[in-house]
Amino acid sequence: MRFFLLVRVILQEIFDEAAYKRFCVKEGLGVGRESYAKFLAEGEKASQIKVRCC
Amino acid sequence: MNSVARFILWTVIAALGALALATIALHRHEQINALWLVTAAVCTYALGYRFYSAFIAAKVLALNPQRATPSERLENGRDFVPTNKWVVLGHHFAAIAGPGPLVGPVLAAQFGYLPGTLWILIGAVFGGCVQDFVILLFSVRRDGKSLTEMAKQEIGPLAGSVAYASVISILVILLAVCALVVVNALKQSPWGTFTIAMTIPIALLMGVYLRRLRPGRVLEVSAIGFVLVLAAIWGGQWVSQTPAIGKYFTMGAPALALAIIIYGFAASSLPVWLLLAPRDYLSTFVKLGTIALLAVGIAVMHPTLHMPALTKFVDGTGPVFAGKVFPFAFITIACGAISGFHALISSGTTPKLIRRETEIRLVGYGSMMAESMVAIMATVAACVLEPGTYFAINSPAGIAGQLPAVAASTISSWGFPVTAADMQSLAHMVGEQTLFNRTGGAPAFAVGMAHIFSRSLGGQAVMALWYHFALMFEALFILTVIDAGTRVGRFMIQDVLGHAWEPLGRTSWYPSVLATSALIVGGWGYFLWQGVRDPLGGINSLWPLFGIANQLLAGVALCVATTIIIKMHRAKYALVTLAPLAWLVIVTFTASWQKIFDPDPRIGFLAQAQRLAASGANPRLIFNNRLDAAVTGILIVMVTLILVESIRDWTGILSGRREATTKEAPMVTTRLAEERG
């Protein structure tokens with residue numbers, strides 16, 4: 001059970017779900033279109049494009 | 001476990017590893033099982049991790065569990081976040097695992113399975129894993145600074161600027177060769193082209209779904225995207241069997257190259273959320289699942305390797321790419337053993353997530369071990385094929401012959417029997433018109449993977465589906481690298497141009513976005529076009545160029561690492577990074593010299609240009625070969641500059657003429673350690 005929980009947490013981090021949750025907590029926003037748009041805009045402004053290796 | 005039991009356990013692992021290595025190294029003229037490769041790899045990694053990485057952690061780097069990491073000191077809830085080590089491991093592996101460890105070992109299999117396997121294991125344990133580990137730690141101790149910033153701070157401004165220019169140049173070559181692999185995999189393949197084309201509307205749909213319908217539900221939409229991709233694979237079969245529609249997806253290499261260039265420009269210019277981010281999620285989802293599936297497939301099916309340990313092509317006459325096993329096996333394997341690109345990730349997002357210094361060993365060293373294991377699996381996928389089949393797929397028409405009967409006869413004359421009828425039957429089985437001259441590594445890997453899976457999961461009836469699944473998986477991987485790489489290159493160019501004129505540096509100013517996107521796409525697009533027009537198939541010249549560039553970037557990373565180790569007053573342990581650096585310098589400088597000056601036109605760019613000029617060939621082809629020679633020369637000069645700067649630094653410090661001051665962030669005791677006692 002603990003293993004599957006860990007896998008879920010890893011996937012949430014890889015797929016940015018955890019980052020979005022942290023953003024909502026930090027900004028005091030609820031989950032929704034507006035907060036997600038802000039989350040995406042902030043990521044784009046910060047030029048935080050993940051480098052993907054060859 | 002008590003010390004006696006531990007001693008026995010590690011002795012057994014060492015003995016088993018030695019037996020497996022001896023089996024793969026000493027067996028000649030008889031086939032061996034793929035499990036020997038897997039066993040050798042697992043035992044070697046286990047020993048490397050348990051002993052060598054522990055030695056580096058304790059003696060060389062002196063990891064300090066009491067020292068606060070930037071994720072704790074600079075925590076901002078966005079990029080600096082203390083994160084569970086297993087989560088960071090998964091995150092880091094997802095970023096470093098790309099198409100390189102799949103394609104490189106497949107191409108290097110032309111030498112037989114032995115050279116590639118040995119270099120993947122030795123190179124990873126003593127080179128790649130060490131590089132990723134030390135660069136990650138040094139970046140953590142510098143608040144997550146990038147490789148180029150560390151080069152500037154620790155070696156000097158010249159080294160910083162040269163490292164920056166090297167990264168941009170290497171990026172251009174990397175993107176070109178990645179695009180060429182996709183072009184070669186999809187040319188004249190309506191099924192594959194349709195499937196990959198469908199991933200664009202699927203990604204757009206995912207982007208809109210995430211933004212409008214279910215904000216933030218990335219895993220959910222990735223699963224939906226995956227189901228849609230499977231449907232696209234299924235639909236591709238129908239498209240390929242329906243001439244009226246199939247003709248629109250039956251494209252030659254030039255048309256595909258143009259399509260990818262246009263796509264790269266669009267992906268770089270469109271908002272991230274619309275295309276790039278959803279495609280990245282989809283690709284990661286497929287990537288992690290497929291790698292796991294392949295690992296299970298090889299473990300359960302344990303196929304027999306048909307490729308010999310060594311082929312006659314170790315002498316440099318190979319059809320896949322020209323050049324002797326030394327140095328070309330080492331630069332061809334690339335990411336599976338050591339990749340300079342990993343240093344960019346180890347000094348990018350990952351150091352900002354590390355919770356404790358002691359966890360860097362697992363993340364840095366451990367992730368690269370997993371990447372190396374992927375390379376071993378790719379070697380297995382290539383070597384389960386009959387050698388005749390492998391060479392028929394990977395030999396360019398310019399060498400084997402254009403017509404199937406001629407190509408089959410040429411390949412058989414090399415001592416690897418194959419018939420045109422066998423190849424036609426295999427092509428039919430995987431749903432392709434032909435499998436001759438499908439250079440680039442991706443189709444051979446896809447056939448190998450389909451071969452492994454079709455032995456149990458659905459049998460030969462579904463071999464075509466497995467083949468196209470593998471092809472889709474690789475192309476998706478590669479297009480994600482192209483998306484993200486083009487955008488990263490755009491940001492880097494904007495960063496430089498912004499110093500000349502401020503608006504050019506604004507990432508949201510559209511004229512600058514379009515101009516810099518065009519610049520970076522134009523750069524890799526030119527090399528891609530050159531590869532497509534190359535009569536020897538393009539891979540012969542571009543993959544070695546990519547390998548040289550990638551390994552040179554690793555050389556830059558190891559220069560930075562060695563400098564820091566010496567500045568830390570641990571010069572007696574500097575061999576840990578100096579030895580792989582010396583090896584990379586020998587390999588890449590030899591390969592570069594040969595690629596520029598070798599008198600054999602298949603190897604030397606200048607000899608090829610001369611031959612083309614003598615035969616009155618297209619002046620563009622002649623220019624391209626001279627350009628490749630110039631690019632190789634420029635890369636070598638840039639790395640030589642960094643090397644000379646570094647050596648001056650090392651000798652200055654060791655002779656006491658120069659002060660050894662590192663630019664580490666101040667030591668702050670962690671609260672996490674206090675809380676945990």
# chains A, B, ... in the order shown; residues from 1 in each chain; ligands from 1
call {"tool": "select_by_dssp", "arguments": {"residues": "chain A", "states": "alpha helix (DSSP H)", "output": "MDAnalysis selection string"}}
result
chainID A and resid 2:14 17:27 33:45
call {"tool": "write_last_selection", "arguments": {"atoms": "N, CA and C atoms", "output": "short mmCIF file (atom, residue, chain, number, x, y, z; two decimals), in the first residue's frame"}}
result
data_model
loop_
_atom_site.label_atom_id
_atom_site.label_comp_id
_atom_site.auth_asym_id
_atom_site.auth_seq_id
_atom_site.Cartn_x
_atom_site.Cartn_y
_atom_site.Cartn_z
N ARG A 2 1.91 1.22 0.87
CA ARG A 2 2.80 2.38 0.98
C ARG A 2 3.53 2.62 -0.36
N PHE A 3 3.84 1.49 -1.01
CA PHE A 3 4.53 1.56 -2.30
C PHE A 3 3.66 2.29 -3.33
N PHE A 4 2.37 1.91 -3.38
CA PHE A 4 1.48 2.54 -4.36
C PHE A 4 1.26 4.02 -4.06
N LEU A 5 1.21 4.32 -2.76
CA LEU A 5 1.08 5.74 -2.37
C LEU A 5 2.29 6.53 -2.86
N LEU A 6 3.46 5.91 -2.68
CA LEU A 6 4.70 6.57 -3.10
C LEU A 6 4.71 6.77 -4.62
N VAL A 7 4.28 5.74 -5.34
CA VAL A 7 4.23 5.85 -6.81
C VAL A 7 3.31 6.99 -7.20
N ARG A 8 2.19 7.09 -6.49
CA ARG A 8 1.22 8.15 -6.80
C ARG A 8 1.85 9.54 -6.56
N VAL A 9 2.56 9.65 -5.44
CA VAL A 9 3.20 10.94 -5.12
C VAL A 9 4.25 11.28 -6.17
N ILE A 10 5.03 10.26 -6.58
CA ILE A 10 6.06 10.51 -7.60
C ILE A 10 5.40 10.99 -8.90
N LEU A 11 4.34 10.30 -9.29
CA LEU A 11 3.67 10.68 -10.54
C LEU A 11 3.10 12.09 -10.43
N GLN A 12 2.55 12.42 -9.26
CA GLN A 12 1.98 13.77 -9.08
C GLN A 12 3.07 14.84 -9.22
N GLU A 13 4.29 14.50 -8.76
CA GLU A 13 5.39 15.46 -8.86
C GLU A 13 5.86 15.57 -10.32
N ILE A 14 6.01 14.40 -10.96
CA ILE A 14 6.48 14.41 -12.35
C ILE A 14 5.49 15.17 -13.24
N GLU A 17 1.24 18.02 -10.83
CA GLU A 17 0.02 18.20 -10.03
C GLU A 17 0.39 18.72 -8.65
N ALA A 18 1.51 18.21 -8.11
CA ALA A 18 1.95 18.66 -6.79
C ALA A 18 2.34 20.13 -6.84
N ALA A 19 3.02 20.53 -7.93
CA ALA A 19 3.44 21.93 -8.06
C ALA A 19 2.22 22.85 -8.11
N TYR A 20 1.17 22.40 -8.79
CA TYR A 20 -0.05 23.21 -8.87
C TYR A 20 -0.71 23.34 -7.50
N LYS A 21 -0.73 22.23 -6.76
CA LYS A 21 -1.33 22.28 -5.41
C LYS A 21 -0.56 23.25 -4.53
N ARG A 22 0.78 23.17 -4.61
CA ARG A 22 1.62 24.09 -3.81
C ARG A 22 1.34 25.54 -4.20
N PHE A 23 1.16 25.76 -5.49
CA PHE A 23 0.90 27.12 -5.98
C PHE A 23 -0.41 27.63 -5.38
N CYS A 24 -1.44 26.78 -5.38
CA CYS A 24 -2.74 27.18 -4.85
C CYS A 24 -2.63 27.53 -3.37
N VAL A 25 -1.88 26.69 -2.63
CA VAL A 25 -1.71 26.95 -1.18
C VAL A 25 -0.97 28.26 -0.98
N LYS A 26 0.10 28.45 -1.74
CA LYS A 26 0.94 29.65 -1.59
C LYS A 26 0.16 30.92 -1.91
N GLU A 27 -0.65 30.86 -2.96
CA GLU A 27 -1.39 32.05 -3.40
C GLU A 27 -2.75 32.18 -2.72
N ARG A 33 -10.19 27.09 -12.95
CA ARG A 33 -9.63 27.59 -14.22
C ARG A 33 -8.69 28.78 -14.00
N GLU A 34 -9.15 29.72 -13.16
CA GLU A 34 -8.36 30.95 -13.00
C GLU A 34 -7.02 30.67 -12.34
N SER A 35 -7.06 29.86 -11.27
CA SER A 35 -5.80 29.59 -10.56
C SER A 35 -4.86 28.78 -11.46
N TYR A 36 -5.44 27.88 -12.26
CA TYR A 36 -4.58 27.07 -13.14
C TYR A 36 -3.96 27.94 -14.23
N ALA A 37 -4.77 28.89 -14.75
CA ALA A 37 -4.23 29.81 -15.76
C ALA A 37 -3.09 30.63 -15.16
N LYS A 38 -3.26 31.07 -13.91
CA LYS A 38 -2.20 31.85 -13.24
C LYS A 38 -0.95 30.99 -13.04
N PHE A 39 -1.19 29.74 -12.64
CA PHE A 39 -0.08 28.80 -12.42
C PHE A 39 0.72 28.62 -13.72
N LEU A 40 0.01 28.42 -14.81
CA LEU A 40 0.69 28.24 -16.10
C LEU A 40 1.42 29.51 -16.52
N ALA A 41 0.76 30.66 -16.30
CA ALA A 41 1.37 31.94 -16.69
C ALA A 41 2.65 32.19 -15.91
N GLU A 42 2.61 31.85 -14.60
CA GLU A 42 3.80 32.07 -13.78
C GLU A 42 4.96 31.19 -14.26
N GLY A 43 4.63 29.95 -14.58
CA GLY A 43 5.66 29.03 -15.08
C GLY A 43 6.27 29.53 -16.38
N GLU A 44 5.40 30.07 -17.24
CA GLU A 44 5.89 30.55 -18.55
C GLU A 44 6.75 31.80 -18.37
N LYS A 45 6.32 32.68 -17.45
CA LYS A 45 7.08 33.91 -17.21
C LYS A 45 8.47 33.59 -16.69
#
call {"tool": "closest_atom_pairs", "arguments": {"of": "chain B", "to": "chain A", "cutoff": "8 Å", "atoms": "only C-alpha atoms", "output": "JSON lines"}}
result
{"residue": "B:Gly77", "atom": "CA", "partner": "A:Arg22", "partner_atom": "CA", "distance": 5.8}
{"residue": "B:Arg78", "atom": "CA", "partner": "A:Phe23", "partner_atom": "CA", "distance": 6.6}
{"residue": "B:Trp86", "atom": "CA", "partner": "A:Ile10", "partner_atom": "CA", "distance": 7.1}
{"residue": "B:Val87", "atom": "CA", "partner": "A:Ile10", "partner_atom": "CA", "distance": 4.4}
{"residue": "B:Val88", "atom": "CA", "partner": "A:Ile10", "partner_atom": "CA", "distance": 7.7}
{"residue": "B:Gly90", "atom": "CA", "partner": "A:Ile10", "partner_atom": "CA", "distance": 6.1}
{"residue": "B:His91", "atom": "CA", "partner": "A:Ile14", "partner_atom": "CA", "distance": 5.1}
{"residue": "B:Ala94", "atom": "CA", "partner": "A:Ile14", "partner_atom": "CA", "distance": 7.4}
{"residue": "B:Ala95", "atom": "CA", "partner": "A:Arg52", "partner_atom": "CA", "distance": 5.2}
{"residue": "B:Ile96", "atom": "CA", "partner": "A:Cys53", "partner_atom": "CA", "distance": 4.8}
{"residue": "B:Ala97", "atom": "CA", "partner": "A:Cys53", "partner_atom": "CA", "distance": 6.3}
{"residue": "B:Gly98", "atom": "CA", "partner": "A:Cys54", "partner_atom": "CA", "distance": 4.6}
{"residue": "B:Pro99", "atom": "CA", "partner": "A:Cys54", "partner_atom": "CA", "distance": 5.5}
{"residue": "B:Gly100", "atom": "CA", "partner": "A:Cys54", "partner_atom": "CA", "distance": 4.9}
{"residue": "B:Pro101", "atom": "CA", "partner": "A:Cys54", "partner_atom": "CA", "distance": 8.0}
{"residue": "B:Leu174", "atom": "CA", "partner": "A:Cys54", "partner_atom": "CA", "distance": 7.3}
{"residue": "B:Cys178", "atom": "CA", "partner": "A:Cys54", "partner_atom": "CA", "distance": 7.9}
{"residue": "B:Arg211", "atom": "CA", "partner": "A:Arg33", "partner_atom": "CA", "distance": 6.2}
{"residue": "B:Arg212", "atom": "CA", "partner": "A:Arg33", "partner_atom": "CA", "distance": 6.1}
{"residue": "B:Leu213", "atom": "CA", "partner": "A:Arg33", "partner_atom": "CA", "distance": 7.9}
{"residue": "B:Arg214", "atom": "CA", "partner": "A:Gly32", "partner_atom": "CA", "distance": 7.8}
{"residue": "B:Pro215", "atom": "CA", "partner": "A:Arg33", "partner_atom": "CA", "distance": 5.6}
{"residue": "B:Gly216", "atom": "CA", "partner": "A:Glu17", "partner_atom": "CA", "distance": 6.1}
{"residue": "B:Arg217", "atom": "CA", "partner": "A:Glu17", "partner_atom": "CA", "distance": 6.9}
{"residue": "B:Val218", "atom": "CA", "partner": "A:Phe15", "partner_atom": "CA", "distance": 6.1}
{"residue": "B:Leu219", "atom": "CA", "partner": "A:Phe15", "partner_atom": "CA", "distance": 6.5}
{"residue": "B:Val272", "atom": "CA", "partner": "A:Glu44", "partner_atom": "CA", "distance": 6.9}
{"residue": "B:Trp273", "atom": "CA", "partner": "A:Leu40", "partner_atom": "CA", "distance": 6.8}
{"residue": "B:Tyr281", "atom": "CA", "partner": "A:Phe15", "partner_atom": "CA", "distance": 6.3}
{"residue": "B:Cys335", "atom": "CA", "partner": "A:Cys54", "partner_atom": "CA", "distance": 7.2}
{"residue": "B:Phe341", "atom": "CA", "partner": "A:Cys53", "partner_atom": "CA", "distance": 5.9}
{"residue": "B:His342", "atom": "CA", "partner": "A:Cys53", "partner_atom": "CA", "distance": 6.5}
{"residue": "B:Leu344", "atom": "CA", "partner": "A:Val51", "partner_atom": "CA", "distance": 7.6}
{"residue": "B:Ile345", "atom": "CA", "partner": "A:Val51", "partner_atom": "CA", "distance": 6.5}
{"residue": "B:Gly348", "atom": "CA", "partner": "A:Val51", "partner_atom": "CA", "distance": 7.9}
{"residue": "B:Thr349", "atom": "CA", "partner": "A:Lys50", "partner_atom": "CA", "distance": 7.4}
{"residue": "B:Ile478", "atom": "CA", "partner": "A:Cys54", "partner_atom": "CA", "distance": 7.8}
{"residue": "B:Thr480", "atom": "CA", "partner": "A:Arg52", "partner_atom": "CA", "distance": 7.6}
{"residue": "B:Val481", "atom": "CA", "partner": "A:Arg52", "partner_atom": "CA", "distance": 5.6}
{"residue": "B:Ala484", "atom": "CA", "partner": "A:Val51", "partner_atom": "CA", "distance": 6.3}
{"residue": "B:Gly485", "atom": "CA", "partner": "A:Val51", "partner_atom": "CA", "distance": 6.7}
{"residue": "B:Arg487", "atom": "CA", "partner": "A:Ile49", "partner_atom": "CA", "distance": 7.6}
{"residue": "B:Val488", "atom": "CA", "partner": "A:Ile49", "partner_atom": "CA", "distance": 6.7}
{"residue": "B:Phe491", "atom": "CA", "partner": "A:Ser47", "partner_atom": "CA", "distance": 7.5}
{"residue": "B:Thr507", "atom": "CA", "partner": "A:Lys45", "partner_atom": "CA", "distance": 7.6}
{"residue": "B:Ser508", "atom": "CA", "partner": "A:Lys45", "partner_atom": "CA", "distance": 7.9}
call {"tool": "residues_around", "arguments": {"residues": "Phe80 of chain B", "least_positions_apart": "3", "cutoff": "12 Å", "atoms": "only C-alpha atoms", "output": "list of chain:residue names"}}
result
A:Ala19, A:Arg22, A:Phe23, B:Thr69, B:Pro70, B:Ser71, B:Glu72, B:Arg73, B:Leu74, B:Glu75, B:Asn76, B:Gly77, B:Thr83, B:Val140, B:Asp143, B:Gly144, B:Gly348, B:Thr349, B:Thr350, B:Pro351, B:Lys352, B:Leu353, B:Ile354, B:Arg355
call {"tool": "write_last_selection", "arguments": {"atoms": "N, CA and C atoms", "output": "PDB file, in the first residue's frame"}}
result
ATOM      1  N   ALA A  19       3.022  20.526  -7.926  1.00  0.00           N
ATOM      2  CA  ALA A  19       3.442  21.930  -8.062  1.00  0.00           C
ATOM      3  C   ALA A  19       2.223  22.846  -8.106  1.00  0.00           C
ATOM      4  N   ARG A  22       0.776  23.171  -4.614  1.00  0.00           N
ATOM      5  CA  ARG A  22       1.618  24.089  -3.812  1.00  0.00           C
ATOM      6  C   ARG A  22       1.341  25.541  -4.198  1.00  0.00           C
ATOM      7  N   PHE A  23       1.160  25.765  -5.492  1.00  0.00           N
ATOM      8  CA  PHE A  23       0.899  27.118  -5.980  1.00  0.00           C
ATOM      9  C   PHE A  23      -0.412  27.635  -5.380  1.00  0.00           C
TER      10      PHE A  23
ATOM     11  N   THR B  69      19.971  22.378   2.529  1.00  0.00           N
ATOM     12  CA  THR B  69      20.033  22.487   1.065  1.00  0.00           C
ATOM     13  C   THR B  69      19.227  23.727   0.641  1.00  0.00           C
ATOM     14  N   PRO B  70      19.419  24.176  -0.611  1.00  0.00           N
ATOM     15  CA  PRO B  70      18.668  25.363  -1.049  1.00  0.00           C
ATOM     16  C   PRO B  70      17.155  25.160  -1.017  1.00  0.00           C
ATOM     17  N   SER B  71      16.708  23.904  -1.172  1.00  0.00           N
ATOM     18  CA  SER B  71      15.249  23.687  -1.136  1.00  0.00           C
ATOM     19  C   SER B  71      14.689  24.065   0.223  1.00  0.00           C
ATOM     20  N   GLU B  72      15.518  23.937   1.264  1.00  0.00           N
ATOM     21  CA  GLU B  72      15.075  24.295   2.617  1.00  0.00           C
ATOM     22  C   GLU B  72      15.309  25.797   2.876  1.00  0.00           C
ATOM     23  N   ARG B  73      16.514  26.266   2.545  1.00  0.00           N
ATOM     24  CA  ARG B  73      16.858  27.661   2.856  1.00  0.00           C
ATOM     25  C   ARG B  73      16.081  28.655   1.996  1.00  0.00           C
ATOM     26  N   LEU B  74      15.854  28.284   0.728  1.00  0.00           N
ATOM     27  CA  LEU B  74      15.225  29.232  -0.201  1.00  0.00           C
ATOM     28  C   LEU B  74      13.805  28.794  -0.558  1.00  0.00           C
ATOM     29  N   GLU B  75      13.219  27.948   0.269  1.00  0.00           N
ATOM     30  CA  GLU B  75      11.904  27.384  -0.057  1.00  0.00           C
ATOM     31  C   GLU B  75      10.921  28.487  -0.441  1.00  0.00           C
ATOM     32  N   ASN B  76      10.323  28.345  -1.614  1.00  0.00           N
ATOM     33  CA  ASN B  76       9.364  29.360  -2.067  1.00  0.00           C
ATOM     34  C   ASN B  76       8.059  28.730  -2.546  1.00  0.00           C
ATOM     35  N   GLY B  77       7.947  27.422  -2.363  1.00  0.00           N
ATOM     36  CA  GLY B  77       6.705  26.751  -2.754  1.00  0.00           C
ATOM     37  C   GLY B  77       6.567  26.576  -4.255  1.00  0.00           C
ATOM     38  N   THR B  83      11.764  17.925  -1.154  1.00  0.00           N
ATOM     39  CA  THR B  83      10.923  16.856  -1.714  1.00  0.00           C
ATOM     40  C   THR B  83      11.495  15.492  -1.351  1.00  0.00           C
ATOM     41  N   VAL B 140      23.756  21.950  -5.882  1.00  0.00           N
ATOM     42  CA  VAL B 140      23.022  22.104  -4.605  1.00  0.00           C
ATOM     43  C   VAL B 140      23.791  23.045  -3.676  1.00  0.00           C
ATOM     44  N   ASP B 143      23.286  26.891  -4.513  1.00  0.00           N
ATOM     45  CA  ASP B 143      21.896  27.355  -4.620  1.00  0.00           C
ATOM     46  C   ASP B 143      21.242  27.033  -5.964  1.00  0.00           C
ATOM     47  N   GLY B 144      21.614  25.899  -6.533  1.00  0.00           N
ATOM     48  CA  GLY B 144      20.965  25.452  -7.770  1.00  0.00           C
ATOM     49  C   GLY B 144      21.500  26.136  -9.017  1.00  0.00           C
ATOM     50  N   GLY B 348      19.794  22.001 -13.021  1.00  0.00           N
ATOM     51  CA  GLY B 348      18.594  22.735 -13.445  1.00  0.00           C
ATOM     52  C   GLY B 348      17.525  22.700 -12.371  1.00  0.00           C
ATOM     53  N   THR B 349      16.482  21.892 -12.616  1.00  0.00           N
ATOM     54  CA  THR B 349      15.375  21.851 -11.649  1.00  0.00           C
ATOM     55  C   THR B 349      15.671  20.926 -10.455  1.00  0.00           C
ATOM     56  N   THR B 350      16.409  19.827 -10.690  1.00  0.00           N
ATOM     57  CA  THR B 350      16.590  18.826  -9.636  1.00  0.00           C
ATOM     58  C   THR B 350      17.252  19.369  -8.363  1.00  0.00           C
ATOM     59  N   PRO B 351      18.357  20.164  -8.447  1.00  0.00           N
ATOM     60  CA  PRO B 351      18.998  20.595  -7.190  1.00  0.00           C
ATOM     61  C   PRO B 351      18.088  21.430  -6.301  1.00  0.00           C
ATOM     62  N   LYS B 352      17.040  21.989  -6.896  1.00  0.00           N
ATOM     63  CA  LYS B 352      16.142  22.839  -6.103  1.00  0.00           C
ATOM     64  C   LYS B 352      15.122  22.011  -5.326  1.00  0.00           C
ATOM     65  N   LEU B 353      15.097  20.700  -5.572  1.00  0.00           N
ATOM     66  CA  LEU B 353      14.133  19.832  -4.888  1.00  0.00           C
ATOM     67  C   LEU B 353      14.792  18.957  -3.815  1.00  0.00           C
ATOM     68  N   ILE B 354      16.125  18.860  -3.854  1.00  0.00           N
ATOM     69  CA  ILE B 354      16.833  17.953  -2.938  1.00  0.00           C
ATOM     70  C   ILE B 354      16.642  18.404  -1.480  1.00  0.00           C
ATOM     71  N   ARG B 355      16.233  17.460  -0.636  1.00  0.00           N
ATOM     72  CA  ARG B 355      15.924  17.786   0.762  1.00  0.00           C
ATOM     73  C   ARG B 355      17.163  17.724   1.643  1.00  0.00           C
TER      74      ARG B 355
END
call {"tool": "residues_around", "arguments": {"residues": "Leu89 of chain B", "least_positions_apart": "5", "cutoff": "8 Å", "atoms": "only C-alpha atoms", "output": "list in words"}}
result
Leu362, Val363, Gly364, Gly366 and Ser367 of chain B
call {"tool": "write_last_selection", "arguments": {"atoms": "C-alpha atoms", "output": "PDB file, in the first residue's frame"}}
result
ATOM      1  CA  LEU B 362      20.466   8.071  -4.785  1.00  0.00           C
ATOM      2  CA  VAL B 363      19.133  10.748  -7.129  1.00  0.00           C
ATOM      3  CA  GLY B 364      22.317  11.554  -9.080  1.00  0.00           C
ATOM      4  CA  GLY B 366      20.927   6.090  -9.022  1.00  0.00           C
ATOM      5  CA  SER B 367      19.038   7.802 -11.867  1.00  0.00           C
TER       6      SER B 367
END
